[in-house]
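Following: one structure in structure tokens, then a few remarks.
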Amino acid sequence: MFDLQHKVAIVTGASRGIGGGLAIALAQAGANVLLVSRSQPDQWITDALGEADTKSLHFAADLSLMSSVHPVITAALEHFGQIDVLVNNAGMLRRKDFLDQTEDDWDTVLNTNLKVPYFLSQAVARHLIERGSGGKIINICSVLSMQGGFRVSGYVSSKHGIAGMTKALANELASHGINVNGIAPGYFDTDINTELKNDAVRLPQIMARIPHGRLGVPSDLAGAVVFLASAASDYINGTILNVDGGWLSR
Ligand SMILES: NC(=O)c1ccc[n+]([C@@H]2O[C@H](COP(=O)([O-])OP(=O)(O)OC[C@H]3O[C@@H](n4cnc5c(N)ncnc54)[C@H](OP(=O)(O)O)[C@@H]3O)[C@@H](O)[C@H]2O)c1
């Protein structure tokens, strides 16, 4: 039920952090994986992928640009012949007060976290419908898809947006056998949180609220992504699965 052999997954933002963990989990479940990011994947990711009995390939693209959409799809089809799973994971933030946020901050964050994922999803959905195969789109949302946070207003807007997009696309694509679901990570120990981890005031406040008492690590998302990519979740659509160490139940 959780077997992904003969499936092809695209994982965006797989050069480090959460995306690296997602790519490894999918490969370990049997999928061939196209990893998309501007920089090469970290060594721990290529090492783990090398040990999996599947094919993986890195494709360099700047996913803040609409011009990246077509080349990503073409690369997946040229190298693997099909696409079954899209994981929209690439994301970034500009951490500053709302009053200091610029138009460039808004555009860069929203383009990367919402606009390009939206059109990548459209391109993958068109491919899946043409093939008549069904498939899975998994959007990496956030607990900030449900909460307001502090000093990341553009990011919060994008993450609420991708949660809404998840539900809207689920409604329109279900009849084609395509499931669109989200995963909402809590606070994870990755580069996106470097500033937060060095914040002597905010970090203890955050740690005190996590019932599990620790930040998440990329492997904490392995079960969720394999579940949502596999036949095990075939009747689950438009759901956002929180993987947050209990943060949102607090
Ligand atoms: N860490 C958390 O606490 C947390 C919580 C909730 C949700 N999330 C979400 O999880 C996802 C991954 O975050 P992370 O924590 O793993 O952050 P990270 O360590 O900073 O990794 C971000 C990834 O996104 C890629 N990326 C960013 N901008 C890109 C661009 N313009 N073009 C192509 N790739 C781009 C980066 O690759 P390159 O720099 O090589 O391009 C990198 O692989 C994001 O969507 C984030 O919002 C994270």
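FYI, nothing fancy with the structure tokens labels: chains A, B, ... in order, residues from 1 per chain, ligands from 1 as they appear.
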Check your understanding: Which of region 36-120 of chain A counts as helix (DSSP H, G or I) under DSSP, as a PyMOL selection string please?
Key -> chain A and resi 43-51+66-80+98-100+103-120
Write the residues you've just listed into a file as a JSON list (two decimals), in the first residue's frame, and include C-alpha atoms for each of them.
```
[["chain", "number", "residue", "atom", "x", "y", "z"],
["A", 43, "GLN", "CA", 26.14, 15.38, 0.65],
["A", 44, "TRP", "CA", 23.87, 13.64, 3.22],
["A", 45, "ILE", "CA", 21.09, 13.73, 0.64],
["A", 46, "THR", "CA", 23.11, 12.36, -2.29],
["A", 47, "ASP", "CA", 24.61, 9.70, 0.00],
["A", 48, "ALA", "CA", 21.18, 8.47, 1.12],
["A", 49, "LEU", "CA", 19.79, 8.59, -2.41],
["A", 50, "GLY", "CA", 22.81, 6.62, -3.62],
["A", 51, "GLU", "CA", 21.95, 3.85, -1.16],
["A", 66, "MET", "CA", 7.74, 31.37, -13.98],
["A", 67, "SER", "CA", 10.25, 30.51, -16.69],
["A", 68, "SER", "CA", 11.35, 27.54, -14.54],
["A", 69, "VAL", "CA", 8.03, 25.67, -14.81],
["A", 70, "HIS", "CA", 8.32, 24.26, -18.32],
["A", 71, "PRO", "CA", 11.99, 23.16, -18.01],
["A", 72, "VAL", "CA", 11.26, 21.29, -14.76],
["A", 73, "ILE", "CA", 8.43, 19.31, -16.34],
["A", 74, "THR", "CA", 10.49, 18.66, -19.48],
["A", 75, "ALA", "CA", 13.45, 17.44, -17.42],
["A", 76, "ALA", "CA", 11.27, 14.98, -15.49],
["A", 77, "LEU", "CA", 9.67, 13.62, -18.65],
["A", 78, "GLU", "CA", 12.95, 13.38, -20.57],
["A", 79, "HIS", "CA", 14.76, 11.54, -17.80],
["A", 80, "PHE", "CA", 11.99, 9.43, -16.31],
["A", 98, "PHE", "CA", 5.39, 44.25, 8.38],
["A", 99, "LEU", "CA", 6.14, 47.98, 8.18],
["A", 100, "ASP", "CA", 9.54, 47.27, 6.59],
["A", 103, "GLU", "CA", 7.28, 44.97, -2.86],
["A", 104, "ASP", "CA", 10.33, 42.91, -3.78],
["A", 105, "ASP", "CA", 9.99, 40.94, -0.52],
["A", 106, "TRP", "CA", 6.33, 40.24, -1.29],
["A", 107, "ASP", "CA", 6.94, 39.31, -4.92],
["A", 108, "THR", "CA", 9.89, 37.01, -4.23],
["A", 109, "VAL", "CA", 8.19, 35.20, -1.35],
["A", 110, "LEU", "CA", 4.81, 34.87, -3.08],
["A", 111, "ASN", "CA", 6.31, 33.85, -6.42],
["A", 112, "THR", "CA", 8.43, 31.12, -4.83],
["A", 113, "ASN", "CA", 5.96, 29.86, -2.23],
["A", 114, "LEU", "CA", 2.68, 30.17, -4.14],
["A", 115, "LYS", "CA", 2.73, 31.28, -7.78],
["A", 116, "VAL", "CA", 5.28, 28.81, -9.15],
["A", 117, "PRO", "CA", 3.82, 25.90, -7.10],
["A", 118, "TYR", "CA", 0.40, 26.78, -8.53],
["A", 119, "PHE", "CA", 1.60, 26.62, -12.13],
["A", 120, "LEU", "CA", 3.83, 23.59, -11.53]]
```
Excluding region 143-152 of chain A and residues on its chain fewer than 2 positions from it, collect all residues at most 9 Å away from it, counting only C-alpha atoms, and give them as a compact mmCIF listing (two decimals) with C-alpha atoms, in the first residue's frame.
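Final file, selection_23.txt:
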```
# COMPACT_ATOMS: atom_id res chain seq x y z
CA LEU A 93 10.89 33.88 3.81
CA ARG A 94 11.96 37.46 4.46
CA ARG A 95 11.94 37.93 8.23
CA LYS A 96 11.22 41.57 9.06
CA ASP A 97 8.49 43.75 10.52
CA PHE A 98 5.39 44.25 8.38
CA CYS A 141 2.24 24.20 3.94
CA GLY A 154 4.53 37.73 3.38
CA TYR A 155 5.42 34.13 4.20
CA VAL A 156 2.23 33.71 6.26
CA SER A 157 0.20 35.08 3.35
CA SER A 158 1.85 32.60 0.98
CA LYS A 159 1.31 29.67 3.35
CA HIS A 160 -2.37 30.52 3.87
CA GLY A 161 -2.54 30.77 0.09
CA ILE A 162 -1.06 27.35 -0.55
CA ALA A 163 -3.46 25.82 2.00
CA GLY A 164 -6.37 27.33 0.07
CA ALA A 184 1.99 21.43 7.68
CA PRO A 185 5.34 21.12 9.44
CA GLY A 186 5.77 22.83 12.80
CA TYR A 187 9.14 24.32 13.70
CA ASN A 242 -0.01 18.67 10.68
CA VAL A 243 3.41 17.26 11.57
CA ASP A 244 4.29 19.66 14.33
CA TRP A 247 2.21 22.60 18.32
CA LEU A 248 -1.31 23.27 17.00
```
Check your understanding: Which residue, A:Ala168, A:Leu196, A:Ala125, A:Val226, has the smallest gap to ligand 1 when you use only C-alpha atoms and all ligand atoms?
Key ->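 Going through A:Ala168, A:Leu196, A:Ala125, A:Val226 one by one, the smallest distance to ligand 1 is for A:Leu196.
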Practice item. For ligand 1, list the contacting residues at 7 Å or closer, counting only C-alpha atoms and all ligand atoms, as a PyMOL selection string. Key: chain A and resi 12-19+36-40+61-64+89-92+112-113+140-143+184-193
Writer output for current selection, N, CA and C atoms, as an mmCIF file, in the first residue's frame:
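Resulting contents of out33.cif:
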```cif
data_model
loop_
_atom_site.group_PDB
_atom_site.id
_atom_site.type_symbol
_atom_site.label_atom_id
_atom_site.label_comp_id
_atom_site.auth_asym_id
_atom_site.auth_seq_id
_atom_site.Cartn_x
_atom_site.Cartn_y
_atom_site.Cartn_z
ATOM 1 N N THR A 12 10.557 19.719 -5.138
ATOM 2 C CA THR A 12 11.217 21.027 -5.277
ATOM 3 C C THR A 12 11.874 21.395 -3.948
ATOM 4 N N GLY A 13 12.943 22.181 -4.053
ATOM 5 C CA GLY A 13 13.649 22.608 -2.839
ATOM 6 C C GLY A 13 14.275 21.440 -2.111
ATOM 7 N N ALA A 14 14.918 20.557 -2.881
ATOM 8 C CA ALA A 14 15.444 19.323 -2.278
ATOM 9 C C ALA A 14 16.958 19.381 -2.082
ATOM 10 N N SER A 15 17.529 20.570 -2.074
ATOM 11 C CA SER A 15 18.985 20.644 -1.916
ATOM 12 C C SER A 15 19.416 20.553 -0.458
ATOM 13 N N ARG A 16 18.500 20.763 0.449
ATOM 14 C CA ARG A 16 18.829 20.690 1.880
ATOM 15 C C ARG A 16 17.524 20.583 2.673
ATOM 16 N N GLY A 17 17.646 20.544 3.995
ATOM 17 C CA GLY A 17 16.496 20.663 4.891
ATOM 18 C C GLY A 17 15.375 19.665 4.616
ATOM 19 N N ILE A 18 14.164 20.175 4.762
ATOM 20 C CA ILE A 18 12.973 19.331 4.671
ATOM 21 C C ILE A 18 12.888 18.627 3.318
ATOM 22 N N GLY A 19 13.163 19.348 2.231
ATOM 23 C CA GLY A 19 13.062 18.762 0.887
ATOM 24 C C GLY A 19 14.012 17.591 0.706
ATOM 25 N N VAL A 36 14.750 19.362 -7.432
ATOM 26 C CA VAL A 36 14.869 20.667 -8.098
ATOM 27 C C VAL A 36 15.242 21.739 -7.077
ATOM 28 N N SER A 37 16.286 22.496 -7.399
ATOM 29 C CA SER A 37 16.716 23.615 -6.547
ATOM 30 C C SER A 37 17.778 24.386 -7.320
ATOM 31 N N ARG A 38 18.172 25.560 -6.786
ATOM 32 C CA ARG A 38 19.226 26.320 -7.463
ATOM 33 C C ARG A 38 20.577 25.673 -7.221
ATOM 34 N N SER A 39 20.825 25.226 -5.980
ATOM 35 C CA SER A 39 22.143 24.651 -5.679
ATOM 36 C C SER A 39 22.082 23.123 -5.650
ATOM 37 N N GLN A 40 23.261 22.513 -5.695
ATOM 38 C CA GLN A 40 23.360 21.049 -5.646
ATOM 39 C C GLN A 40 22.898 20.538 -4.282
ATOM 40 N N ALA A 61 17.164 24.870 -11.075
ATOM 41 C CA ALA A 61 16.169 25.843 -11.537
ATOM 42 C C ALA A 61 15.913 26.860 -10.431
ATOM 43 N N ASP A 62 15.623 28.085 -10.849
ATOM 44 C CA ASP A 62 15.224 29.127 -9.899
ATOM 45 C C ASP A 62 13.699 29.175 -9.878
ATOM 46 N N LEU A 63 13.126 28.639 -8.816
ATOM 47 C CA LEU A 63 11.674 28.474 -8.731
ATOM 48 C C LEU A 63 10.956 29.734 -8.255
ATOM 49 N N SER A 64 11.676 30.857 -8.249
ATOM 50 C CA SER A 64 10.970 32.131 -8.054
ATOM 51 C C SER A 64 10.515 32.678 -9.407
ATOM 52 N N ASN A 89 7.714 21.837 -2.342
ATOM 53 C CA ASN A 89 8.363 22.069 -1.053
ATOM 54 C C ASN A 89 9.199 23.352 -1.029
ATOM 55 N N ALA A 90 9.785 23.749 -2.151
ATOM 56 C CA ALA A 90 10.696 24.909 -2.147
ATOM 57 C C ALA A 90 9.997 26.103 -1.511
ATOM 58 N N GLY A 91 10.692 26.773 -0.632
ATOM 59 C CA GLY A 91 10.083 27.915 0.043
ATOM 60 C C GLY A 91 11.127 28.783 0.687
ATOM 61 N N MET A 92 10.763 30.025 0.919
ATOM 62 C CA MET A 92 11.686 30.957 1.563
ATOM 63 C C MET A 92 10.876 32.037 2.286
ATOM 64 N N THR A 112 7.777 32.394 -5.151
ATOM 65 C CA THR A 112 8.431 31.117 -4.826
ATOM 66 C C THR A 112 7.478 30.172 -4.093
ATOM 67 N N ASN A 113 6.740 30.713 -3.136
ATOM 68 C CA ASN A 113 5.957 29.856 -2.232
ATOM 69 C C ASN A 113 4.554 29.562 -2.740
ATOM 70 N N ILE A 140 3.772 21.546 0.607
ATOM 71 C CA ILE A 140 4.317 21.764 1.947
ATOM 72 C C ILE A 140 3.813 23.111 2.444
ATOM 73 N N CYS A 141 2.858 23.018 3.346
ATOM 74 C CA CYS A 141 2.241 24.202 3.945
ATOM 75 C C CYS A 141 3.035 24.546 5.196
ATOM 76 N N SER A 142 2.375 24.865 6.291
ATOM 77 C CA SER A 142 3.076 25.247 7.531
ATOM 78 C C SER A 142 2.028 25.396 8.614
ATOM 79 N N VAL A 143 2.468 25.355 9.870
ATOM 80 C CA VAL A 143 1.526 25.771 10.918
ATOM 81 C C VAL A 143 1.139 27.235 10.699
ATOM 82 N N ALA A 184 1.658 20.201 6.947
ATOM 83 C CA ALA A 184 1.994 21.426 7.678
ATOM 84 C C ALA A 184 3.040 21.116 8.736
ATOM 85 N N PRO A 185 4.317 21.328 8.419
ATOM 86 C CA PRO A 185 5.338 21.122 9.444
ATOM 87 C C PRO A 185 5.232 22.210 10.526
ATOM 88 N N GLY A 186 5.624 21.828 11.733
ATOM 89 C CA GLY A 186 5.775 22.827 12.798
ATOM 90 C C GLY A 186 7.122 23.506 12.643
ATOM 91 N N TYR A 187 7.829 23.651 13.743
ATOM 92 C CA TYR A 187 9.145 24.316 13.696
ATOM 93 C C TYR A 187 10.243 23.264 13.543
ATOM 94 N N PHE A 188 10.979 23.348 12.437
ATOM 95 C CA PHE A 188 11.993 22.353 12.108
ATOM 96 C C PHE A 188 13.387 22.960 12.158
ATOM 97 N N ASP A 189 14.341 22.092 12.429
ATOM 98 C CA ASP A 189 15.734 22.523 12.560
ATOM 99 C C ASP A 189 16.378 22.571 11.173
ATOM 100 N N THR A 190 16.086 23.632 10.431
ATOM 101 C CA THR A 190 16.640 23.784 9.081
ATOM 102 C C THR A 190 17.128 25.226 8.900
ATOM 103 N N ASP A 191 17.775 25.454 7.754
ATOM 104 C CA ASP A 191 18.379 26.768 7.495
ATOM 105 C C ASP A 191 17.381 27.917 7.518
ATOM 106 N N ILE A 192 16.134 27.642 7.148
ATOM 107 C CA ILE A 192 15.137 28.722 7.086
ATOM 108 C C ILE A 192 14.947 29.354 8.471
ATOM 109 N N ASN A 193 15.286 28.596 9.514
ATOM 110 C CA ASN A 193 15.103 29.060 10.893
ATOM 111 C C ASN A 193 16.396 29.496 11.567
#
```
Point to revise | Neighbour list for Val225 (chain A) as a list in words, cut-off 9 Å, only C-alpha atoms, skip fewer than 3 positions in-chain | key: Leu22, Ala25, Leu26, Val87, Ile138, Ile183, Leu221, Ala222, Leu228, Ala229 and Ser230 of chain A
Exercise for review: For Asp53 (chain A), please output as a PyMOL selection string all residues within 10 Å (counting only C-alpha atoms; exclusion window: fewer than 2 positions along the same chain).
Suggested key: chain A and resi 5+27-32+49-51+55-56
**Study point:** Those in region 11-235 of chain A with strand (DSSP E or B) from DSSP, as an MDAnalysis selection string
**Key:** chainID A and resid 11:12 32:37 56:60 85:88 135:140 178:185 188 216
Write out the residues from the selection above, keeping N, CA and C atoms, as a compact mmCIF listing (two decimals), in the first residue's frame.
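Listed below is the output, again.txt:
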```
# COMPACT_ATOMS: atom_id res chain seq x y z
N VAL A 11 10.50 16.61 -6.42
CA VAL A 11 10.54 17.30 -5.12
C VAL A 11 11.26 18.62 -5.32
N THR A 12 10.56 19.72 -5.14
CA THR A 12 11.22 21.03 -5.28
C THR A 12 11.87 21.40 -3.95
N ASN A 32 11.50 6.96 -8.17
CA ASN A 32 12.58 7.70 -8.81
C ASN A 32 12.28 9.19 -8.57
N VAL A 33 13.33 9.96 -8.30
CA VAL A 33 13.07 11.33 -7.83
C VAL A 33 13.88 12.35 -8.62
N LEU A 34 13.18 13.40 -9.08
CA LEU A 34 13.85 14.58 -9.64
C LEU A 34 13.89 15.63 -8.55
N LEU A 35 15.10 16.01 -8.15
CA LEU A 35 15.29 17.02 -7.11
C LEU A 35 15.54 18.36 -7.79
N VAL A 36 14.75 19.36 -7.43
CA VAL A 36 14.87 20.67 -8.10
C VAL A 36 15.24 21.74 -7.08
N SER A 37 16.29 22.50 -7.40
CA SER A 37 16.72 23.62 -6.55
C SER A 37 17.78 24.39 -7.32
N SER A 56 17.82 8.84 -9.11
CA SER A 56 17.50 10.21 -8.74
C SER A 56 18.41 11.15 -9.52
N LEU A 57 17.90 12.35 -9.71
CA LEU A 57 18.62 13.31 -10.54
C LEU A 57 18.35 14.71 -10.00
N HIS A 58 19.40 15.54 -9.98
CA HIS A 58 19.19 16.94 -9.60
C HIS A 58 19.01 17.79 -10.85
N PHE A 59 18.03 18.69 -10.80
CA PHE A 59 17.83 19.64 -11.90
C PHE A 59 17.88 21.06 -11.32
N ALA A 60 18.74 21.88 -11.88
CA ALA A 60 18.93 23.25 -11.35
C ALA A 60 17.89 24.19 -11.94
N VAL A 85 4.07 12.06 -8.95
CA VAL A 85 3.96 12.79 -7.67
C VAL A 85 4.69 14.12 -7.80
N LEU A 86 4.04 15.19 -7.41
CA LEU A 86 4.73 16.49 -7.31
C LEU A 86 4.70 16.92 -5.85
N VAL A 87 5.87 17.21 -5.30
CA VAL A 87 5.93 17.76 -3.95
C VAL A 87 6.42 19.21 -4.05
N ASN A 88 5.50 20.13 -3.82
CA ASN A 88 5.83 21.56 -3.82
C ASN A 88 6.39 21.92 -2.45
N GLY A 135 -2.71 10.65 -9.89
CA GLY A 135 -1.42 11.02 -9.30
C GLY A 135 -1.63 11.81 -8.02
N LYS A 136 -0.51 12.31 -7.50
CA LYS A 136 -0.55 12.96 -6.19
C LYS A 136 0.20 14.29 -6.24
N ILE A 137 -0.42 15.32 -5.71
CA ILE A 137 0.25 16.61 -5.52
C ILE A 137 0.27 16.88 -4.02
N ILE A 138 1.45 17.14 -3.51
CA ILE A 138 1.61 17.35 -2.07
C ILE A 138 2.24 18.72 -1.85
N ASN A 139 1.52 19.58 -1.16
CA ASN A 139 2.01 20.94 -0.92
C ASN A 139 2.54 21.07 0.50
N ILE A 140 3.77 21.55 0.61
CA ILE A 140 4.32 21.76 1.95
C ILE A 140 3.81 23.11 2.44
N ILE A 178 -6.73 12.51 -9.16
CA ILE A 178 -5.56 13.24 -8.62
C ILE A 178 -5.89 13.72 -7.22
N ASN A 179 -5.01 13.38 -6.27
CA ASN A 179 -5.18 13.82 -4.89
C ASN A 179 -4.25 15.01 -4.65
N VAL A 180 -4.80 16.03 -4.03
CA VAL A 180 -3.99 17.21 -3.69
C VAL A 180 -4.10 17.41 -2.18
N ASN A 181 -3.03 17.17 -1.48
CA ASN A 181 -3.02 17.30 -0.03
C ASN A 181 -1.83 18.12 0.42
N GLY A 182 -1.87 18.54 1.67
CA GLY A 182 -0.77 19.34 2.20
C GLY A 182 -0.19 18.70 3.44
N ILE A 183 1.03 19.09 3.74
CA ILE A 183 1.66 18.74 5.02
C ILE A 183 2.02 20.06 5.68
N ALA A 184 1.66 20.20 6.95
CA ALA A 184 1.99 21.43 7.68
C ALA A 184 3.04 21.12 8.74
N PRO A 185 4.32 21.33 8.42
CA PRO A 185 5.34 21.12 9.44
C PRO A 185 5.23 22.21 10.53
N PHE A 188 10.98 23.35 12.44
CA PHE A 188 11.99 22.35 12.11
C PHE A 188 13.39 22.96 12.16
N GLY A 216 11.48 19.83 14.96
CA GLY A 216 11.41 18.70 14.05
C GLY A 216 12.69 18.57 13.24
```
Review point. Could you work out how far CA of Tyr235 (chain A) lies from CA of His6 (chain A), giving the answer in Å with one decimal?
Key: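 Separating CA of His6 (chain A) from CA of Tyr235 (chain A) is a distance of 20.9 Å.
The closest residue to Asp234 (chain A), picked from A:Pro211, A:Gly177, A:Gly246, A:Gly21 and counting only C-alpha atoms, is A:Gly177.
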Review point. Rounded to one decimal in Å, what is the spacing between CA of Ala231 (chain A) and CA of Met1 (chain A)?
Key: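 One can read the CA of Ala231 (chain A) to CA of Met1 (chain A) distance as 5.5 Å.
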Check your understanding: For the atom pair CA of Ile24 (chain A) and CA of Ile210 (chain A), what is the interatomic distance in Å to one decimal place?
Key ->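 CA of Ile210 (chain A) lies at a distance of 25.7 Å from CA of Ile24 (chain A).
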Check your understanding: So which one's closest to Ala208 (chain A), A:Ala232, A:Glu130, A:Arg250, A:Ala23? Using only C-alpha atoms, please.
Key ->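 Selected residue with least distance to Ala208 (chain A): A:Arg250.
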Check your understanding: Using only C-alpha atoms, which of the listed residues (A:Leu4, A:Ile83, A:Ala9, A:Ile240) sits closest to Lys167 (chain A)?
Key -> A:Ile240
